[in-house]
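K.L.:
Got a file for you: my_file.cif, mmCIF, C-alpha atoms.
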```cif
data_target
#
loop_
_atom_site.label_atom_id
_atom_site.label_comp_id
_atom_site.auth_asym_id
_atom_site.auth_seq_id
_atom_site.Cartn_x
_atom_site.Cartn_y
_atom_site.Cartn_z
CA MET A 276 14.98 55.37 -19.96
CA PRO A 277 16.59 57.13 -16.94
CA ASP A 278 16.75 55.26 -13.65
CA ASP A 279 15.53 56.46 -10.27
CA ALA A 280 17.58 56.59 -7.05
CA LEU A 281 17.09 52.86 -6.44
CA GLY A 282 18.44 52.00 -9.83
CA ARG A 283 15.16 50.84 -11.31
CA PRO A 284 13.73 52.28 -14.51
CA PHE A 285 10.99 54.87 -14.10
CA GLY A 286 7.50 53.53 -14.45
CA VAL A 287 8.43 50.06 -13.16
CA PRO A 288 6.73 49.26 -9.83
CA ALA A 289 8.87 47.89 -7.00
CA ARG A 290 7.58 44.74 -5.38
CA ARG A 291 8.82 42.83 -2.39
CA GLU A 292 8.64 39.12 -1.92
CA PRO A 293 5.64 38.41 0.36
CA VAL A 294 6.55 37.94 4.02
CA LEU A 295 4.57 34.74 4.04
CA PRO A 296 3.47 33.07 0.81
CA ASN A 297 -0.19 32.01 0.74
CA GLY A 298 0.66 28.32 0.52
CA VAL A 299 2.89 28.51 3.58
CA LEU A 300 0.34 30.46 5.62
CA GLY A 301 -2.39 27.99 4.66
CA MET A 302 -0.22 25.03 5.60
CA LEU A 303 0.79 26.61 8.92
CA LEU A 304 -2.86 27.15 9.84
CA PHE A 305 -3.69 23.60 8.83
CA VAL A 306 -0.81 22.16 10.84
CA ALA A 307 -1.87 24.27 13.86
CA THR A 308 -5.32 22.65 13.76
CA GLU A 309 -3.67 19.25 13.34
CA ILE A 310 -1.48 19.85 16.40
CA MET A 311 -4.61 20.60 18.44
CA PHE A 312 -6.32 17.52 17.01
CA PHE A 313 -3.43 15.25 18.01
CA SER A 314 -3.16 17.01 21.38
CA GLY A 315 -6.80 16.12 22.02
CA LEU A 316 -6.25 12.49 21.04
CA ILE A 317 -3.12 12.19 23.19
CA SER A 318 -4.91 13.80 26.15
CA ALA A 319 -7.80 11.35 25.84
CA PHE A 320 -5.32 8.49 25.71
CA VAL A 321 -3.41 9.71 28.78
CA ILE A 322 -6.65 9.95 30.78
CA GLY A 323 -7.86 6.57 29.52
CA LYS A 324 -4.54 5.02 30.49
CA SER A 325 -4.59 6.55 33.95
CA ASN A 326 -8.14 5.30 34.50
CA ALA A 327 -7.29 1.68 33.68
CA ILE A 328 -7.73 -0.68 36.58
CA GLY A 329 -5.05 -3.35 36.69
CA GLY A 330 -2.36 -1.24 35.07
CA TRP A 331 -1.39 -0.47 31.51
CA PRO A 332 -1.25 -2.29 29.14
CA PRO A 333 -4.35 -4.13 30.40
CA PRO A 334 -3.83 -7.77 31.32
CA GLY A 335 -4.52 -10.25 28.52
CA GLN A 336 -3.67 -7.79 25.75
CA PRO A 337 -0.71 -8.37 23.40
CA ARG A 338 2.46 -6.38 24.02
CA LEU A 339 3.40 -3.77 21.43
CA PRO A 340 6.66 -4.28 19.48
CA VAL A 341 8.74 -1.57 21.19
CA GLU A 342 12.18 -2.41 19.72
CA GLU A 343 10.99 -2.92 16.14
CA THR A 344 9.04 0.33 16.24
CA ALA A 345 12.12 2.12 17.59
CA LEU A 346 13.84 1.18 14.33
CA ASN A 347 10.85 2.46 12.39
CA THR A 348 10.94 5.69 14.42
CA ALA A 349 14.60 6.13 13.48
CA ALA A 350 13.68 5.66 9.81
CA LEU A 351 11.01 8.38 10.00
CA LEU A 352 13.34 10.79 11.81
CA ALA A 353 16.04 10.09 9.22
CA SER A 354 13.48 10.90 6.53
CA GLY A 355 12.96 14.34 8.12
CA VAL A 356 16.73 14.91 8.22
CA ALA A 357 17.06 13.86 4.56
CA LEU A 358 14.31 16.33 3.63
CA TYR A 359 16.09 19.10 5.51
CA PHE A 360 19.28 18.46 3.55
CA ALA A 361 17.29 18.15 0.32
CA ASN A 362 15.95 21.65 0.96
CA ARG A 363 19.45 22.99 1.60
CA ALA A 364 20.68 21.40 -1.61
CA PHE A 365 17.66 22.81 -3.47
CA LYS A 366 18.39 26.33 -2.21
CA ASN A 367 22.00 26.05 -3.36
CA GLY A 368 21.01 24.50 -6.66
CA ALA A 369 23.05 21.39 -5.85
CA ALA A 370 22.77 18.29 -8.00
CA ASN A 371 22.06 15.92 -5.10
CA THR A 372 18.64 17.48 -4.31
CA ARG A 373 16.91 14.74 -6.24
CA ARG A 374 18.81 11.98 -4.48
CA LEU A 375 18.13 13.42 -1.01
CA LEU A 376 14.44 13.97 -1.73
CA LEU A 377 14.19 10.42 -3.02
CA LEU A 378 15.87 9.16 0.16
CA ALA A 379 13.33 11.07 2.29
CA ILE A 380 10.47 9.55 0.28
CA ALA A 381 11.94 6.04 0.47
CA LEU A 382 12.34 6.26 4.27
CA GLY A 383 8.76 7.54 4.61
CA GLY A 384 7.57 4.65 2.45
CA PHE A 385 9.55 2.22 4.60
CA PHE A 386 7.78 3.59 7.69
CA VAL A 387 4.32 3.04 6.17
CA VAL A 388 5.11 -0.48 4.94
CA PHE A 389 6.73 -1.47 8.25
CA GLN A 390 3.76 -0.19 10.20
CA GLY A 391 1.38 -2.08 7.93
CA ALA A 392 3.32 -5.30 8.63
CA GLU A 393 3.21 -4.51 12.37
CA TRP A 394 -0.56 -4.07 12.24
CA VAL A 395 -1.03 -7.39 10.44
CA ALA A 396 0.99 -9.12 13.19
CA LEU A 397 -0.93 -7.36 16.00
CA ILE A 398 -4.31 -8.20 14.46
CA GLY A 399 -3.10 -11.82 14.26
CA GLU A 400 -2.35 -11.68 17.99
CA GLY A 401 -5.89 -10.46 18.70
CA LEU A 402 -5.39 -6.70 19.07
CA THR A 403 -8.26 -5.20 17.09
CA LEU A 404 -10.21 -1.96 17.18
CA THR A 405 -12.93 -3.62 19.27
CA SER A 406 -10.77 -5.88 21.45
CA GLY A 407 -10.66 -3.33 24.26
CA GLN A 408 -9.62 0.15 25.29
CA MET A 409 -6.00 -0.48 24.32
CA GLY A 410 -6.84 -1.67 20.81
CA GLY A 411 -9.26 1.19 20.28
CA PHE A 412 -6.76 3.83 21.35
CA PHE A 413 -3.86 2.18 19.52
CA TYR A 414 -5.57 2.08 16.13
CA LEU A 415 -7.10 5.53 16.60
CA LEU A 416 -3.83 7.26 17.46
CA VAL A 417 -1.38 5.30 15.34
CA GLY A 418 -3.91 4.94 12.51
CA THR A 419 -4.56 8.68 12.36
CA HIS A 420 -0.84 9.29 12.21
CA ALA A 421 -0.38 6.62 9.53
CA LEU A 422 -3.04 8.35 7.44
CA HIS A 423 -1.09 11.59 7.72
CA VAL A 424 2.15 9.85 6.76
CA ALA A 425 0.43 8.39 3.69
CA VAL A 426 -0.83 11.85 2.66
CA GLY A 427 2.62 13.36 3.28
CA PHE A 428 4.17 10.58 1.22
CA ILE A 429 1.91 11.50 -1.72
CA ILE A 430 2.78 15.21 -1.32
CA LEU A 431 6.50 14.39 -1.36
CA LEU A 432 6.01 12.24 -4.46
CA TYR A 433 4.31 15.22 -6.13
CA THR A 434 7.23 17.52 -5.23
CA TYR A 435 9.65 14.94 -6.63
CA ARG A 436 7.70 14.84 -9.87
CA GLU A 437 7.79 18.65 -10.06
CA LEU A 438 11.53 18.60 -9.40
CA GLN A 439 12.09 16.07 -12.16
CA HIS A 440 10.18 18.26 -14.61
CA GLY A 441 12.12 21.31 -13.46
CA ASP A 442 8.92 22.98 -12.20
CA LEU A 443 9.56 22.85 -8.46
CA ASP A 444 9.74 26.24 -6.80
CA ARG A 445 10.25 26.97 -3.13
CA PHE A 446 6.65 28.12 -2.69
CA THR A 447 5.58 24.55 -3.47
CA PHE A 448 8.43 22.84 -1.64
CA TRP A 449 8.09 24.86 1.55
CA PRO A 450 4.49 23.85 2.50
CA ALA A 451 5.29 20.22 1.66
CA GLN A 452 8.20 20.36 4.06
CA ILE A 453 6.10 21.92 6.84
CA PHE A 454 3.61 19.07 6.61
CA TRP A 455 6.30 16.40 6.58
CA TYR A 456 8.15 17.93 9.55
CA PHE A 457 4.87 17.92 11.47
CA VAL A 458 4.30 14.24 10.64
CA VAL A 459 7.88 13.40 11.66
CA GLY A 460 7.76 15.56 14.79
CA VAL A 461 4.51 14.21 16.22
CA TRP A 462 5.56 10.55 15.91
CA PRO A 463 8.17 10.43 18.75
CA ILE A 464 5.49 11.82 21.11
CA LEU A 465 3.05 9.11 20.02
CA TYR A 466 5.75 6.46 20.31
CA TRP A 467 6.63 7.61 23.81
CA GLN A 468 3.00 7.70 24.94
CA VAL A 469 1.64 4.60 23.20
CA TYR A 470 4.58 2.17 23.05
CA LEU A 471 6.76 2.99 26.07
CA MET B 13 -22.04 46.23 45.79
CA ALA B 14 -23.84 43.93 43.36
CA ARG B 15 -20.54 43.21 41.61
CA ALA B 16 -18.90 42.27 44.88
CA GLY B 17 -21.79 39.93 45.60
CA VAL B 18 -21.45 38.22 42.22
CA ALA B 19 -17.68 37.90 42.69
CA ALA B 20 -18.16 36.43 46.16
CA ALA B 21 -20.71 33.95 44.81
CA ALA B 22 -18.35 32.94 41.97
CA ILE B 23 -15.50 32.35 44.41
CA ALA B 24 -17.79 30.38 46.71
CA VAL B 25 -18.94 28.15 43.82
CA ALA B 26 -15.35 27.61 42.66
CA TRP B 27 -14.35 26.79 46.23
CA ALA B 28 -17.13 24.24 46.50
CA ALA B 29 -16.32 22.45 43.21
CA ASP B 30 -15.15 19.37 45.10
CA LEU B 31 -18.42 19.14 47.02
CA ALA B 32 -20.53 19.60 43.90
CA TYR B 33 -18.42 17.16 41.85
CA ALA B 34 -18.24 19.98 39.32
CA CYS B 35 -14.72 19.10 38.32
CA PRO B 36 -14.25 16.09 36.03
CA SER B 37 -11.61 14.40 38.14
CA CYS B 38 -13.05 14.98 41.62
CA ALA B 39 -15.11 11.79 41.54
CA SER B 40 -12.17 9.62 40.56
CA PRO B 41 -10.69 7.60 43.39
CA LEU B 42 -7.40 7.20 41.50
CA GLU B 43 -4.72 9.78 42.22
CA GLU B 44 -3.06 9.00 38.88
CA ASN B 45 -6.31 9.83 37.08
CA ARG B 46 -6.68 13.16 38.87
CA GLN B 47 -3.10 14.03 37.99
CA ALA B 48 -3.71 13.06 34.34
CA PHE B 49 -6.65 15.51 34.20
CA VAL B 50 -4.51 18.30 35.60
CA ASP B 51 -1.61 17.49 33.24
CA THR B 52 -3.76 17.35 30.10
CA THR B 53 -5.58 20.56 31.07
CA VAL B 54 -2.24 22.34 31.40
CA PHE B 55 -1.00 20.73 28.15
CA LEU B 56 -4.08 21.75 26.14
CA THR B 57 -3.89 25.29 27.52
CA VAL B 58 -0.20 25.78 26.89
CA VAL B 59 0.03 24.26 23.37
CA PRO B 60 -2.15 26.85 21.51
CA LEU B 61 -0.56 29.74 23.42
CA MET B 62 2.91 28.48 22.52
CA MET B 63 1.90 28.04 18.88
CA MET B 64 0.52 31.57 18.63
CA GLY B 65 3.48 33.07 20.50
CA GLY B 66 5.96 31.13 18.39
CA PHE B 67 4.27 32.19 15.17
CA ILE B 68 4.27 35.88 16.13
CA TRP B 69 7.93 35.69 17.19
CA TRP B 70 8.95 33.95 13.95
CA LEU B 71 6.91 36.36 11.81
CA ARG B 72 8.47 39.38 13.51
CA ARG B 73 11.93 38.00 12.93
CA ARG B 74 11.14 37.32 9.28
CA ILE B 75 9.70 40.80 8.70
CA ARG B 76 12.83 42.36 10.25
CA ALA B 77 15.09 40.21 8.08
CA MET B 78 13.09 41.12 4.97
CA ASP B 79 13.23 44.84 5.76
CA ASP B 80 16.94 44.74 5.02
CA ARG B 81 16.41 43.26 1.57
CA PRO B 82 16.27 45.66 -1.36
CA GLU B 83 13.07 46.06 -3.33
CA ILE B 84 13.08 44.25 -6.61
CA ALA B 85 11.88 46.08 -9.69
CA VAL B 86 9.54 43.90 -11.67
CA PRO B 87 8.39 44.98 -15.13
CA GLU B 88 4.61 45.37 -15.41
CA ASN B 89 4.32 42.83 -18.22
CA LEU B 90 5.96 40.17 -16.00
CA LEU B 91 4.07 41.17 -12.87
CA GLY B 92 0.77 40.93 -14.66
CA ASP B 93 -2.63 41.82 -13.34
CA THR B 94 -4.13 38.41 -12.97
CA GLY B 95 -5.21 38.11 -9.34
CA PRO B 96 -8.81 37.65 -8.19
CA PHE B 97 -9.10 41.42 -7.72
CA SER B 98 -7.61 42.25 -11.10
CA LYS B 99 -8.90 45.44 -12.72
CA ARG B 100 -9.00 43.68 -16.08
CA ARG B 101 -11.50 41.07 -14.96
#
```
What's the structure tokens form of this structure?
P.N.:
Amino acid sequence: MPDDALGRPFGVPARREPVLPNGVLGMLLFVATEIMFFSGLISAFVIGKSNAIGGWPPPGQPRLPVEETALNTAALLASGVALYFANRAFKNGAANTRRLLLLAIALGGFFVVFQGAEWVALIGEGLTLTSGQMGGFFYLLVGTHALHVAVGFIILLYTYRELQHGDLDRFTFWPAQIFWYFVVGVWPILYWQVYL
Amino acid sequence: MARAGVAAAAIAVAWAADLAYACPSCASPLEENRQAFVDTTVFLTVVPLMMMGGFIWWLRRRIRAMDDRPEIAVPENLLGDTGPFSKRR
């Protein structure tokens, strides 16, 4: 069959890769709503904090573990960096994609477990959801984020499974990364507002 | 004339917001609280605008980058006709 000027056989339609795959567009819209959701929560917290009589944290409330959580923050940020390099390795077809993705998942898992241990200690010290404004805000903000980390952790596990089976394509990996970068990116803001 | 009257009334009402306690932070005696209201209002206004602007900027850049890529010929049997608007359905 003779070819046309572009070098393709006659009768074969030319298609371009979509500018934005459906999965990516959907995830971007979802993350945009999540950003507004967290912005609302942070705004409410900032106003609540500024309204507190007697300073913040309120007297008689336990102090939050700032140094320990700084370590946990570093672990979550490192997880984001590991995922970035996993994506680069995936694009280049490098063999260490699996190892880097596993590292990102392990660091995310460490964050969740560490935070769970922190919560157990804080509840033991008397900081509960109903112990006051500080407890209410703390568990609302940090708890909502923890829920997102847990969901992101499951999504990353799914991508790892797909990678192991050789079924992972970038249209699946890309939305998973967007969600994880959001989860990683919002945490330093929460840490700064809630802990410092 | 009527429009000018409405505009004047709107400005007068906005000017008198402090008197009417029509702003959420006017009643607060704490300066820090008033400032927090202003800061969060600015924050919640700027964030969606930045998101939309950033998305449009990124999309434009991506479309320009993709314009340079050659079209890929895909045989019909591989392309298929399986979408929700498929003629074969």
K.L.:
Put a box with edges along x, y and z around all the listed atoms of range 341-352 of chain A, pad it by 3 Å on each side, then give me its centre and sizes in Å, one decimal, as lines of an AutoDock Vina configuration file.
P.N.:
```
center_x = 11.7
center_y = 3.9
center_z = 15.5
size_x = 11.9
size_y = 19.7
size_z = 17.4
```
K.L.:
Which distance in Å separates CA of Trp455 in chain A and CA of Lys324 in chain A, to one decimal?
P.N.:
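Separation between CA of Trp455 in chain A and CA of Lys324 in chain A: 28.6 Å.
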K.L.:
Can you give me, as JSON, numbers by chain, the residues this file yields under the PyMOL selection byres ((chain B and resi 49-55) around 9)?
P.N.:
{"A": [314, 315, 317, 318, 319, 321, 322], "B": [36, 37, 44, 45, 46, 47, 48, 56, 57, 58, 59]}
K.L.:
Range 362-367 of chain A: which residues within 9 Å, counting only C-alpha atoms, same-chain residues fewer than 5 positions away excluded, as a list in words?
P.N.:
Ala357, Thr372, Arg373, Leu375, Leu376, Arg445, Phe448, Trp449 and Gln452 of chain A
K.L.:
Just checking: using all atoms listed in the file, which residue out of A:Val469, A:Leu431, A:Asp442, A:His420 ends up closest to Phe313 in chain A?
P.N.:
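Using all atoms listed in the file, the shortest distance to Phe313 in chain A belongs to A:His420.
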K.L.:
Using CA of Val294 in chain A and CA of Ile75 in chain B as the two end points, give the distance in Å to one decimal.
P.N.:
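Computing it gives 6.3 Å between the two atoms.
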K.L.:
Got a minute to add N, CA and C atoms to range 34-64 of chain B and dump it as a short mmCIF file (atom, residue, chain, number, x, y, z; two decimals), in the coordinates of the input?
P.N.:
```
data_model
loop_
_atom_site.label_atom_id
_atom_site.label_comp_id
_atom_site.auth_asym_id
_atom_site.auth_seq_id
_atom_site.Cartn_x
_atom_site.Cartn_y
_atom_site.Cartn_z
N ALA B 34 -18.18 19.18 40.55
CA ALA B 34 -18.24 19.98 39.32
C ALA B 34 -16.95 19.91 38.53
N CYS B 35 -15.95 19.28 39.09
CA CYS B 35 -14.72 19.10 38.32
C CYS B 35 -14.67 17.65 37.84
N PRO B 36 -14.16 17.42 36.62
CA PRO B 36 -14.25 16.09 36.03
C PRO B 36 -13.48 15.02 36.78
N SER B 37 -12.44 15.44 37.51
CA SER B 37 -11.61 14.40 38.14
C SER B 37 -11.91 14.21 39.63
N CYS B 38 -12.82 15.05 40.18
CA CYS B 38 -13.05 14.98 41.62
C CYS B 38 -13.62 13.63 42.05
N ALA B 39 -14.43 13.03 41.17
CA ALA B 39 -15.11 11.79 41.54
C ALA B 39 -14.19 10.59 41.44
N SER B 40 -13.05 10.76 40.76
CA SER B 40 -12.17 9.62 40.56
C SER B 40 -11.42 9.25 41.83
N PRO B 41 -11.43 7.99 42.19
CA PRO B 41 -10.69 7.60 43.39
C PRO B 41 -9.18 7.45 43.12
N LEU B 42 -8.82 7.43 41.83
CA LEU B 42 -7.40 7.20 41.50
C LEU B 42 -6.63 8.51 41.44
N GLU B 43 -5.56 8.58 42.21
CA GLU B 43 -4.72 9.78 42.22
C GLU B 43 -4.09 10.01 40.85
N GLU B 44 -3.70 8.91 40.19
CA GLU B 44 -3.06 9.00 38.88
C GLU B 44 -4.02 9.64 37.86
N ASN B 45 -5.29 9.30 37.99
CA ASN B 45 -6.31 9.83 37.08
C ASN B 45 -6.51 11.33 37.30
N ARG B 46 -6.54 11.73 38.55
CA ARG B 46 -6.68 13.16 38.87
C ARG B 46 -5.51 13.94 38.30
N GLN B 47 -4.30 13.37 38.49
CA GLN B 47 -3.10 14.03 37.99
C GLN B 47 -3.13 14.12 36.47
N ALA B 48 -3.63 13.06 35.81
CA ALA B 48 -3.71 13.06 34.34
C ALA B 48 -4.63 14.18 33.85
N PHE B 49 -5.73 14.41 34.57
CA PHE B 49 -6.65 15.51 34.20
C PHE B 49 -5.95 16.85 34.31
N VAL B 50 -5.22 17.02 35.39
CA VAL B 50 -4.51 18.30 35.60
C VAL B 50 -3.45 18.47 34.49
N ASP B 51 -2.69 17.40 34.24
CA ASP B 51 -1.61 17.49 33.24
C ASP B 51 -2.15 17.81 31.85
N THR B 52 -3.22 17.13 31.46
CA THR B 52 -3.76 17.35 30.10
C THR B 52 -4.41 18.72 29.98
N THR B 53 -4.99 19.21 31.10
CA THR B 53 -5.58 20.56 31.07
C THR B 53 -4.47 21.59 30.84
N VAL B 54 -3.38 21.42 31.57
CA VAL B 54 -2.24 22.34 31.40
C VAL B 54 -1.70 22.23 29.97
N PHE B 55 -1.55 20.99 29.49
CA PHE B 55 -1.00 20.73 28.15
C PHE B 55 -1.86 21.40 27.07
N LEU B 56 -3.18 21.19 27.16
CA LEU B 56 -4.08 21.75 26.14
C LEU B 56 -4.22 23.27 26.24
N THR B 57 -3.87 23.82 27.39
CA THR B 57 -3.89 25.29 27.52
C THR B 57 -2.61 25.89 26.96
N VAL B 58 -1.51 25.22 27.25
CA VAL B 58 -0.20 25.78 26.89
C VAL B 58 0.08 25.66 25.38
N VAL B 59 -0.31 24.52 24.78
CA VAL B 59 0.03 24.26 23.37
C VAL B 59 -0.45 25.38 22.42
N PRO B 60 -1.74 25.78 22.44
CA PRO B 60 -2.15 26.85 21.51
C PRO B 60 -1.47 28.18 21.80
N LEU B 61 -1.23 28.48 23.08
CA LEU B 61 -0.56 29.74 23.42
C LEU B 61 0.87 29.73 22.88
N MET B 62 1.53 28.59 23.01
CA MET B 62 2.91 28.48 22.52
C MET B 62 2.95 28.59 21.00
N MET B 63 1.95 27.98 20.35
CA MET B 63 1.90 28.04 18.88
C MET B 63 1.73 29.48 18.41
N MET B 64 0.78 30.18 19.03
CA MET B 64 0.52 31.57 18.63
C MET B 64 1.73 32.45 18.93
#
```
